[in-house]
$ cat data33.cif   # mmCIF, C-alpha atoms
data_protein
loop_
_atom_site.label_atom_id
_atom_site.label_comp_id
_atom_site.auth_asym_id
_atom_site.auth_seq_id
_atom_site.Cartn_x
_atom_site.Cartn_y
_atom_site.Cartn_z
CA MET R 102 223.62 159.87 -25.16
CA SER R 103 224.42 157.28 -22.52
CA GLU R 104 221.12 158.07 -20.81
CA VAL R 105 219.02 155.72 -22.93
CA ARG R 106 216.27 154.04 -20.96
CA CYS R 107 214.10 151.12 -21.96
CA VAL R 108 211.20 153.42 -22.77
CA SER R 109 213.12 155.43 -25.38
CA GLY R 110 214.64 152.24 -26.76
CA VAL R 111 211.12 150.92 -27.33
CA GLU R 112 209.97 154.19 -28.90
CA LEU R 113 212.83 154.21 -31.39
CA LEU R 114 212.91 150.51 -32.21
CA MET R 115 211.05 150.69 -35.53
CA ASP R 116 213.19 153.59 -36.74
CA TYR R 117 216.26 151.67 -35.61
CA LEU R 118 215.26 148.58 -37.58
CA GLU R 119 214.36 150.64 -40.65
CA GLY R 120 217.75 152.33 -40.59
CA VAL R 121 216.50 155.89 -40.26
CA LEU R 122 218.28 156.78 -37.01
CA SER R 123 221.53 158.70 -36.81
CA ALA R 124 224.70 156.65 -36.27
CA GLU R 125 225.07 158.26 -32.86
CA MET R 126 221.57 157.26 -31.78
CA ARG R 127 222.05 153.73 -33.13
CA ALA R 128 225.23 153.33 -31.14
CA ALA R 129 223.54 154.57 -27.97
CA LEU R 130 220.69 152.08 -28.42
CA ASP R 131 223.08 149.23 -29.21
CA GLU R 132 224.96 149.99 -26.04
CA HIS R 133 221.81 150.05 -23.92
CA VAL R 134 220.36 146.83 -25.33
CA ALA R 135 223.70 145.02 -24.99
CA GLY R 136 223.60 145.71 -21.27
CA CYS R 137 219.86 145.30 -20.67
CA GLU R 138 218.46 141.79 -20.45
CA LYS R 139 214.89 143.09 -20.53
CA CYS R 140 215.39 145.07 -23.73
CA ALA R 141 217.11 142.13 -25.41
CA ALA R 142 214.08 139.98 -24.56
CA PHE R 143 211.71 142.70 -25.71
CA VAL R 144 213.50 143.20 -29.04
CA ALA R 145 213.44 139.45 -29.72
CA SER R 146 209.69 139.24 -29.26
CA TYR R 147 209.06 142.48 -31.17
CA CYS R 148 211.02 141.17 -34.15
CA GLU R 149 209.22 137.81 -34.15
CA THR R 150 205.72 139.32 -33.97
CA PRO R 151 205.27 140.05 -37.71
CA ARG R 152 206.36 136.54 -38.71
CA ILE R 153 204.09 134.84 -36.19
CA LEU R 154 201.07 136.84 -37.36
CA ARG R 155 201.99 136.33 -41.01
CA ASP R 156 202.21 132.55 -40.63
CA ALA R 157 199.03 132.39 -38.57
CA THR R 158 196.98 134.33 -41.14
CA ALA R 159 198.25 132.88 -44.43
CA SER R 160 194.90 131.89 -45.95
CA THR R 161 194.76 130.13 -49.29
CA LEU R 162 192.05 130.86 -51.83
CA PRO R 163 189.31 128.18 -51.59
CA ALA R 164 188.17 126.73 -54.93
CA ASP R 165 184.55 127.76 -54.34
CA VAL R 166 185.54 131.37 -53.65
CA GLU R 167 187.58 131.39 -56.84
CA ALA R 168 184.59 129.98 -58.77
CA SER R 169 182.26 132.60 -57.27
CA LEU R 170 184.62 135.37 -58.27
CA LYS R 171 184.66 134.11 -61.84
CA ASN R 172 180.86 133.88 -61.94
CA PHE R 173 180.49 137.30 -60.41
CA LEU R 174 182.81 138.90 -62.96
CA ARG R 175 181.08 137.03 -65.77
CA THR R 176 177.76 138.65 -64.85
CA ARG R 177 179.20 142.13 -64.30
CA THR R 178 181.82 142.38 -67.05
CA THR R 179 182.49 140.95 -70.49
CA ALA R 180 185.37 138.84 -69.13
CA PHE R 181 185.30 135.15 -68.16
CA GLY R 182 182.93 133.61 -70.58
CA ARG R 183 181.02 133.94 -73.74
CA ASN R 184 183.42 131.48 -75.34
CA MET P 19 216.82 125.29 -77.89
CA ILE P 20 214.43 126.13 -75.10
CA VAL P 21 212.95 129.55 -75.39
CA PRO P 22 211.88 130.77 -71.96
CA THR P 23 208.33 132.02 -71.83
CA VAL P 24 208.31 135.60 -70.68
CA GLU P 25 205.26 136.45 -68.61
CA PRO P 26 203.83 139.83 -69.62
CA SER P 27 204.35 142.51 -66.97
CA ASP P 28 201.42 143.76 -64.90
CA GLU P 29 201.68 147.11 -66.61
CA ALA P 30 201.55 145.57 -70.09
CA LEU P 31 198.51 143.50 -69.11
CA ALA P 32 196.84 146.53 -67.57
CA ALA P 33 197.31 148.51 -70.77
CA ARG P 34 195.81 145.69 -72.85
CA ALA P 35 192.93 145.20 -70.43
CA ALA P 36 192.23 148.93 -70.41
CA ALA P 37 192.01 148.79 -74.20
CA GLY P 38 189.29 146.16 -73.89
CA ASP P 39 191.27 142.91 -74.00
CA ASP P 40 189.31 140.68 -71.62
CA SER P 41 191.88 137.90 -71.69
CA ALA P 42 194.46 140.34 -70.27
CA PHE P 43 192.05 141.22 -67.47
CA GLU P 44 191.49 137.51 -66.79
CA THR P 45 195.25 137.01 -66.52
CA ILE P 46 195.43 139.85 -64.00
CA VAL P 47 192.65 138.23 -61.95
CA ARG P 48 194.38 134.83 -61.97
CA ARG P 49 197.71 136.39 -61.08
CA TYR P 50 196.39 138.32 -58.10
CA GLN P 51 193.24 136.58 -56.82
CA ALA P 52 194.98 134.45 -54.18
CA ARG P 53 196.98 137.39 -52.85
CA ILE P 54 193.97 139.71 -52.76
CA TYR P 55 191.91 137.04 -51.02
CA ARG P 56 194.58 136.60 -48.35
CA LEU P 57 194.81 140.38 -47.93
CA ALA P 58 191.01 140.63 -47.64
CA CYS P 59 190.96 137.90 -44.97
CA ARG P 60 193.54 139.85 -43.01
CA LEU P 61 191.79 143.20 -43.35
CA THR P 62 188.25 141.92 -42.75
CA SER P 63 187.37 138.30 -41.99
CA ASP P 64 187.07 134.95 -43.76
CA THR P 65 183.34 135.61 -44.02
CA ASP P 66 183.69 139.02 -45.64
CA ALA P 67 186.75 138.30 -47.78
CA PRO P 68 184.87 136.76 -50.78
CA ASP P 69 182.80 139.96 -51.15
CA VAL P 70 185.85 142.17 -50.85
CA LEU P 71 187.59 140.04 -53.46
CA GLN P 72 184.71 140.42 -55.92
CA GLU P 73 184.34 144.13 -55.28
CA THR P 74 188.08 144.68 -55.75
CA PHE P 75 188.26 143.08 -59.18
CA LEU P 76 185.06 144.76 -60.34
CA GLN P 77 186.59 148.12 -59.36
CA VAL P 78 189.80 147.16 -61.13
CA TYR P 79 187.85 146.33 -64.29
CA ARG P 80 185.96 149.60 -64.17
CA HIS P 81 188.91 151.81 -63.35
CA LEU P 82 191.60 150.22 -65.51
CA PRO P 83 191.11 152.86 -68.23
CA SER P 84 192.10 155.49 -65.67
CA PHE P 85 195.20 153.59 -64.52
CA ARG P 86 197.95 155.69 -66.02
CA GLY P 87 200.93 153.79 -64.79
CA GLU P 88 202.25 156.60 -62.59
CA SER P 89 202.25 154.10 -59.77
CA GLN P 90 203.11 150.43 -59.93
CA PHE P 91 200.13 148.30 -60.84
CA GLY P 92 200.48 146.25 -57.63
CA THR P 93 200.39 149.35 -55.45
CA TRP P 94 197.31 150.59 -57.30
CA LEU P 95 195.57 147.24 -56.94
CA TYR P 96 196.36 146.99 -53.22
CA ARG P 97 194.98 150.47 -52.71
CA ILE P 98 191.70 149.46 -54.34
CA ALA P 99 191.55 146.28 -52.24
CA SER P 100 192.37 148.15 -49.00
CA ASN P 101 189.63 150.68 -49.71
CA ALA P 102 187.13 147.95 -50.54
CA ALA P 103 187.97 146.24 -47.24
CA LEU P 104 187.59 149.49 -45.34
CA MET P 105 184.20 150.23 -46.95
CA HIS P 106 183.11 146.74 -46.04
CA ARG P 107 184.13 147.18 -42.43
CA ARG P 108 182.28 150.48 -42.26
CA ALA P 109 179.20 149.17 -44.01
CA ARG P 110 178.55 146.45 -41.49
CA MET P 111 177.61 147.11 -37.91
CA ARG P 112 180.77 146.39 -36.07
CA ARG P 113 180.65 144.79 -32.73
CA ALA P 114 182.38 147.03 -30.26
CA THR P 115 185.72 145.45 -29.55
CA SER P 116 187.98 146.33 -26.70
CA SER P 117 191.15 148.02 -27.74
CA LEU P 118 194.59 146.43 -27.60
CA GLU P 119 195.98 149.46 -25.77
CA THR P 120 196.18 147.49 -22.56
CA PHE P 121 198.86 145.31 -24.14
CA LEU P 122 201.34 148.12 -24.73
CA PRO P 123 204.61 147.68 -22.83
CA ARG P 124 204.73 149.12 -19.32
CA PHE P 125 207.58 151.00 -17.70
CA ASP P 126 208.49 151.89 -14.15
CA ASP P 127 209.09 155.48 -13.05
CA GLN P 128 212.73 155.16 -14.09
CA GLY P 129 211.64 154.44 -17.67
CA MET P 130 212.77 150.82 -17.41
CA HIS P 131 210.68 147.80 -18.44
CA ALA P 132 208.28 146.81 -15.67
CA ALA P 133 207.98 143.18 -16.81
CA THR P 134 210.55 140.43 -16.28
CA PRO P 135 212.81 139.28 -19.15
CA ALA P 136 210.87 136.00 -19.36
CA GLU P 137 207.57 137.87 -19.66
CA LEU P 138 209.05 140.21 -22.24
CA GLN P 139 210.44 137.41 -24.34
CA VAL P 140 207.53 134.98 -24.32
CA ALA P 141 205.58 136.53 -27.23
CA ALA P 142 208.40 135.37 -29.50
CA ARG P 143 207.46 131.78 -28.72
CA ALA P 144 203.70 132.09 -29.12
CA ASP P 145 203.77 129.89 -32.20
CA GLU P 146 205.59 127.01 -30.50
CA LEU P 147 203.60 127.27 -27.30
CA LEU P 148 200.10 127.67 -28.68
CA ASP P 149 197.94 125.27 -30.62
CA ARG P 150 197.92 126.18 -34.34
CA GLN P 151 194.18 126.65 -34.58
CA LEU P 152 193.99 128.72 -31.45
CA LEU P 153 196.85 130.90 -32.67
CA ALA P 154 195.14 131.39 -36.06
CA LYS P 155 191.97 132.48 -34.27
CA LYS P 156 193.78 134.78 -31.88
CA ALA P 157 195.88 136.29 -34.68
CA ARG P 158 192.67 137.28 -36.51
CA GLU P 159 191.26 138.65 -33.30
CA ALA P 160 194.39 140.74 -32.70
CA ILE P 161 194.23 142.25 -36.19
CA ALA P 162 190.50 142.94 -35.85
CA ARG P 163 191.06 144.76 -32.56
CA LEU P 164 193.66 147.16 -33.99
CA PRO P 165 192.49 150.68 -34.85
CA ASP P 166 191.71 150.89 -38.60
CA LEU P 167 194.69 153.07 -39.46
CA TYR P 168 197.11 150.79 -37.64
CA ARG P 169 195.55 147.66 -39.10
CA GLU P 170 196.01 148.75 -42.71
CA ALA P 171 199.60 149.80 -42.23
CA PHE P 172 200.49 146.68 -40.22
CA VAL P 173 198.82 144.25 -42.63
CA LEU P 174 200.43 145.79 -45.71
CA ARG P 175 203.87 146.26 -44.18
CA ASP P 176 204.29 143.20 -41.98
CA LEU P 177 201.87 140.60 -43.30
CA GLU P 178 201.95 141.37 -47.02
CA GLU P 179 205.61 142.33 -46.67
CA MET P 180 205.43 145.49 -48.73
CA SER P 181 208.23 148.02 -48.27
CA THR P 182 207.53 151.01 -46.06
CA ALA P 183 207.82 153.25 -49.14
CA ASP P 184 205.20 151.19 -51.03
CA VAL P 185 202.83 151.17 -48.05
CA ALA P 186 203.21 154.95 -47.87
CA ARG P 187 202.31 155.23 -51.56
CA THR P 188 199.39 152.83 -51.18
CA LEU P 189 197.91 154.68 -48.23
CA GLY P 190 198.88 158.16 -49.41
CA VAL P 191 200.82 159.05 -46.26
CA GLU P 192 204.43 159.78 -45.37
CA PRO P 193 206.84 156.88 -44.68
CA ALA P 194 207.34 158.25 -41.14
CA THR P 195 203.60 157.91 -40.56
CA VAL P 196 203.69 154.31 -41.77
CA ARG P 197 206.56 153.54 -39.42
CA GLN P 198 204.71 155.08 -36.49
CA ARG P 199 201.48 153.15 -37.19
CA VAL P 200 203.23 149.84 -37.82
CA HIS P 201 205.27 150.30 -34.68
CA ARG P 202 202.19 150.92 -32.51
CA ALA P 203 200.48 147.91 -34.06
CA ARG P 204 203.51 145.68 -33.44
CA LEU P 205 203.66 146.79 -29.81
CA MET P 206 200.00 145.99 -29.25
CA VAL P 207 200.05 142.67 -31.10
CA ARG P 208 203.27 141.64 -29.38
CA GLY P 209 201.75 142.30 -25.97
CA PHE P 210 198.57 140.50 -26.92
CA LEU P 211 200.51 137.42 -28.07
CA GLY P 212 202.46 137.47 -24.82
CA SER P 213 199.24 137.61 -22.80
CA LEU P 214 198.09 134.35 -24.40
CA VAL P 215 201.06 132.44 -23.10
CA GLU P 216 201.60 131.75 -19.47
CA VAL P 217 205.04 132.41 -18.11
CA LYS P 218 206.25 129.87 -15.59
CA SER P 219 207.79 131.69 -12.67
#

$ encode --input "data33.cif" --output "structure tokens"
Amino acid sequence: MSEVRCVSGVELLMDYLEGVLSAEMRAALDEHVAGCEKCAAFVASYCETPRILRDATASTLPADVEASLKNFLRTRTTAFGRN
Amino acid sequence: MIVPTVEPSDEALAARAAAGDDSAFETIVRRYQARIYRLACRLTSDTDAPDVLQETFLQVYRHLPSFRGESQFGTWLYRIASNAALMHRRARMRRATSSLETFLPRFDDQGMHAATPAELQVAARADELLDRQLLAKKAREAIARLPDLYREAFVLRDLEEMSTADVARTLGVEPATVRQRVHRARLMVRGFLGSLVEVKS
């Protein structure tokens, strides 16, 4: 198990983070990453990727879109109106 | 004495709405419209999102009587929205976009990373190094350039922050499949982010 290379570390990273790897495999990956500057850098950027995309795409509902939705549902359903 | 107001659960509202209570349906719309709009923007585009939003809630209204509560209401709603987004993408002529495959990590013949540590790390700093507006534009581009299957899994898991189990239920696939798709998407997006930032040598 000491034969972990960067490529297998990358392949197993998601399973590692989700906790579905065996303890033995986890330990082997931990050992590799601890001694591999490149993998440490890779893991850092891999882990930050979801947050960066999440923050960059956090749209808020514009008032006119909300109003259009209400109007649309008023014409197609019995909700939003008639009172 | 202050009596806390207890908000009715989604499932309780769904049951009332299914029985014809329009005010319960309106509450569902108000509760979820901002989240479904954000999801629609992520799965399609700002231009298409208003249509997807409308289509989603119309489908919800029509299909509420068949919602039996075997799944969580949120999961059911997200499935409807994801399908509406997918139909929308298919319905319009999509401009051929080049794949993000080229941004997957590269390895040497020993199976070790080919890039330098600085190059490998830089994607983590894309948000400090790039202008906000540019990053927002590029983030949308990255999502749009993912294969459909990867996009859905990535958006639900990483951007909407659903659990892997809930994404699996929403998409009707195994958790292992979700993990595989999200992983591929992360690899591509990570590489793409890194490519936007110049590494000083």

$ resolve_selection --input "data33.cif" --expression "the PyMOL selection byres ((chain P) within 7 of (chain R))" --output "MDAnalysis selection string"
chainID P and resid 40 44 52 55:56 60 68 72 76 125 129:131 134:135 138:142 145 153:154 157:158 176:177 197 201 204 208

$ closest_residue --input "data33.cif" --among "P:Val21, P:Val215, P:Val196, P:Val173" --to "Glu146 in chain P" --atoms "all atoms listed in the file"
P:Val215

$ atom_distance --input "data33.cif" --atom1 "CA of Gly209 in chain P" --atom2 "CA of Asp131 in chain R"
22.7 Å

$ resolve_selection --input "data33.cif" --expression "the PyMOL selection byres ((chain P and resi 167) around 10)" --output "list in words"
Leu104, Leu164, Pro165, Asp166, Tyr168, Arg169, Glu170, Ala171, Phe172, Leu189, Val196, Arg199, Val200 and Ala203 of chain P

$ atom_distance --input "data33.cif" --atom1 "CA of Leu205 in chain P" --atom2 "CA of Leu122 in chain P"
5.7 Å

$ resolve_selection --input "data33.cif" --expression "the PyMOL selection byres ((chain P and resi 186) around 12)" --output "MDAnalysis selection string"
chainID P and resid 89 93:94 96:97 170:172 174:175 180:185 187:200

$ write_last_selection --input "data33.cif" --atoms "C-alpha atoms" --output "compact mmCIF listing (two decimals), in the coordinates of the input"
# COMPACT_ATOMS: atom_id res chain seq x y z
CA SER P 89 202.25 154.10 -59.77
CA THR P 93 200.39 149.35 -55.45
CA TRP P 94 197.31 150.59 -57.30
CA TYR P 96 196.36 146.99 -53.22
CA ARG P 97 194.98 150.47 -52.71
CA GLU P 170 196.01 148.75 -42.71
CA ALA P 171 199.60 149.80 -42.23
CA PHE P 172 200.49 146.68 -40.22
CA LEU P 174 200.43 145.79 -45.71
CA ARG P 175 203.87 146.26 -44.18
CA MET P 180 205.43 145.49 -48.73
CA SER P 181 208.23 148.02 -48.27
CA THR P 182 207.53 151.01 -46.06
CA ALA P 183 207.82 153.25 -49.14
CA ASP P 184 205.20 151.19 -51.03
CA VAL P 185 202.83 151.17 -48.05
CA ARG P 187 202.31 155.23 -51.56
CA THR P 188 199.39 152.83 -51.18
CA LEU P 189 197.91 154.68 -48.23
CA GLY P 190 198.88 158.16 -49.41
CA VAL P 191 200.82 159.05 -46.26
CA GLU P 192 204.43 159.78 -45.37
CA PRO P 193 206.84 156.88 -44.68
CA ALA P 194 207.34 158.25 -41.14
CA THR P 195 203.60 157.91 -40.56
CA VAL P 196 203.69 154.31 -41.77
CA ARG P 197 206.56 153.54 -39.42
CA GLN P 198 204.71 155.08 -36.49
CA ARG P 199 201.48 153.15 -37.19
CA VAL P 200 203.23 149.84 -37.82

$ atom_distance --input "data33.cif" --atom1 "CA of Ser116 in chain P" --atom2 "CA of Ile98 in chain P"
28.1 Å

$ residues_around --input "data33.cif" --residues "Leu95 in chain P" --least-positions-apart "2" --cutoff "12 Å" --atoms "all atoms listed in the file" --output "JSON, numbers by chain"
{"P": [28, 29, 32, 46, 47, 49, 50, 51, 53, 54, 57, 71, 73, 74, 75, 76, 77, 78, 79, 81, 82, 85, 87, 89, 90, 91, 92, 93, 97, 98, 99, 100, 101, 102, 184, 187, 188, 189]}

$ decode --input "data33.cif" --residues "range 125-192 of chain P" --atoms "C-alpha atoms" --output "short mmCIF file (atom, residue, chain, number, x, y, z; two decimals), in the first residue's frame"
data_model
loop_
_atom_site.label_atom_id
_atom_site.label_comp_id
_atom_site.auth_asym_id
_atom_site.auth_seq_id
_atom_site.Cartn_x
_atom_site.Cartn_y
_atom_site.Cartn_z
CA PHE P 125 0.58 13.06 -14.85
CA ASP P 126 4.03 11.98 -15.93
CA ASP P 127 4.84 8.38 -16.83
CA GLN P 128 5.57 7.66 -13.18
CA GLY P 129 2.00 8.62 -12.27
CA MET P 130 3.17 11.79 -10.52
CA HIS P 131 1.69 15.26 -11.06
CA ALA P 132 3.21 16.91 -14.13
CA ALA P 133 2.50 20.47 -12.95
CA THR P 134 4.44 22.39 -10.31
CA PRO P 135 3.04 22.85 -6.78
CA ALA P 136 2.38 26.53 -7.51
CA GLU P 137 0.43 25.65 -10.65
CA LEU P 138 -1.50 22.97 -8.80
CA GLN P 139 -2.41 25.26 -5.95
CA VAL P 140 -3.38 28.40 -7.82
CA ALA P 141 -7.01 27.43 -8.54
CA ALA P 142 -7.64 27.74 -4.80
CA ARG P 143 -6.94 31.45 -5.05
CA ALA P 144 -8.99 32.20 -8.15
CA ASP P 145 -11.43 34.27 -6.12
CA GLU P 146 -8.77 36.54 -4.63
CA LEU P 147 -6.84 36.87 -7.87
CA LEU P 148 -9.67 37.45 -10.31
CA ASP P 149 -12.05 40.34 -10.65
CA ARG P 150 -15.47 39.45 -9.19
CA GLN P 151 -17.41 40.04 -12.39
CA LEU P 152 -14.96 38.12 -14.51
CA LEU P 153 -15.04 35.23 -12.06
CA ALA P 154 -18.86 35.20 -12.08
CA LYS P 155 -18.81 35.06 -15.88
CA LYS P 156 -16.16 32.36 -16.02
CA ALA P 157 -17.90 30.30 -13.32
CA ARG P 158 -21.08 30.23 -15.46
CA GLU P 159 -19.01 29.33 -18.48
CA ALA P 160 -17.35 26.47 -16.62
CA ILE P 161 -20.70 25.02 -15.53
CA ALA P 162 -22.13 25.41 -19.04
CA ARG P 163 -19.19 23.53 -20.53
CA LEU P 164 -19.59 20.50 -18.26
CA PRO P 165 -21.29 17.43 -19.75
CA ASP P 166 -25.00 17.41 -18.74
CA LEU P 167 -24.70 14.48 -16.36
CA TYR P 168 -21.74 16.01 -14.56
CA ARG P 169 -23.35 19.44 -14.44
CA GLU P 170 -26.48 18.23 -12.66
CA ALA P 171 -24.59 16.22 -10.08
CA PHE P 172 -22.03 18.99 -9.47
CA VAL P 173 -24.63 21.76 -9.16
CA LEU P 174 -26.83 19.82 -6.77
CA ARG P 175 -24.01 18.41 -4.65
CA ASP P 176 -21.49 21.25 -4.55
CA LEU P 177 -23.43 24.42 -5.34
CA GLU P 178 -26.79 23.63 -3.76
CA GLU P 179 -24.97 21.68 -1.04
CA MET P 180 -27.26 18.68 -1.04
CA SER P 181 -25.92 15.48 0.50
CA THR P 182 -24.62 12.82 -1.88
CA ALA P 183 -27.51 10.56 -0.78
CA ASP P 184 -30.09 13.25 -1.62
CA VAL P 185 -28.50 13.96 -5.00
CA ALA P 186 -28.62 10.22 -5.72
CA ARG P 187 -32.34 10.17 -4.86
CA THR P 188 -33.00 13.29 -6.91
CA LEU P 189 -31.26 11.96 -10.00
CA GLY P 190 -32.30 8.34 -9.51
CA VAL P 191 -28.75 6.97 -9.53
CA GLU P 192 -26.45 5.27 -7.03
#
